[in-house]
Amino acid sequence: MQHGDRRPFDPAGAGAILTAATGASVGIGALLGWAAGNLGYGIVGGSCVGLPVGVAAVVQRYRGSL
């Protein structure tokens with residue numbers, strides 16, 4: 001791997017990816033919970049799934065940076 005192939009680590013970009021992925025998961029969970037009849041459980045389920053999804057997205061994006 002050449003030094004020029006590495007992406008620089010951008011903390012603001014990592015935070016944006018984490019927020020977007022987590023927010024999308026919470027939104028999908030809310031929709032599923034609403035369709036099932038309990039919005040609160042959908043939001044909780046979406047956030048429980050969303051945080052690991054967001055972390056995985058950041059790790060995938062910035063894998064070679066650190």
# chains A, B, ... in the order shown; residues from 1 in each chain; ligands from 1
>>> residues_around(residues="segment 44-54 of chain A", least_positions_apart="3", cutoff="7 Å", atoms="only C-alpha atoms", output="ChimeraX atom specification")
/A:17-18,21-22,25-26,28-30,40-41,57-58
>>> closest_residue(among="A:Val55, A:Ile43, A:Arg6, A:Trp34", to="Ala20 of chain A", atoms="only C-alpha atoms")
A:Val55
>>> atom_distance(atom1="atom CA of Ala16 of chain A", atom2="atom CA of Ala36 of chain A")
29.8 Å
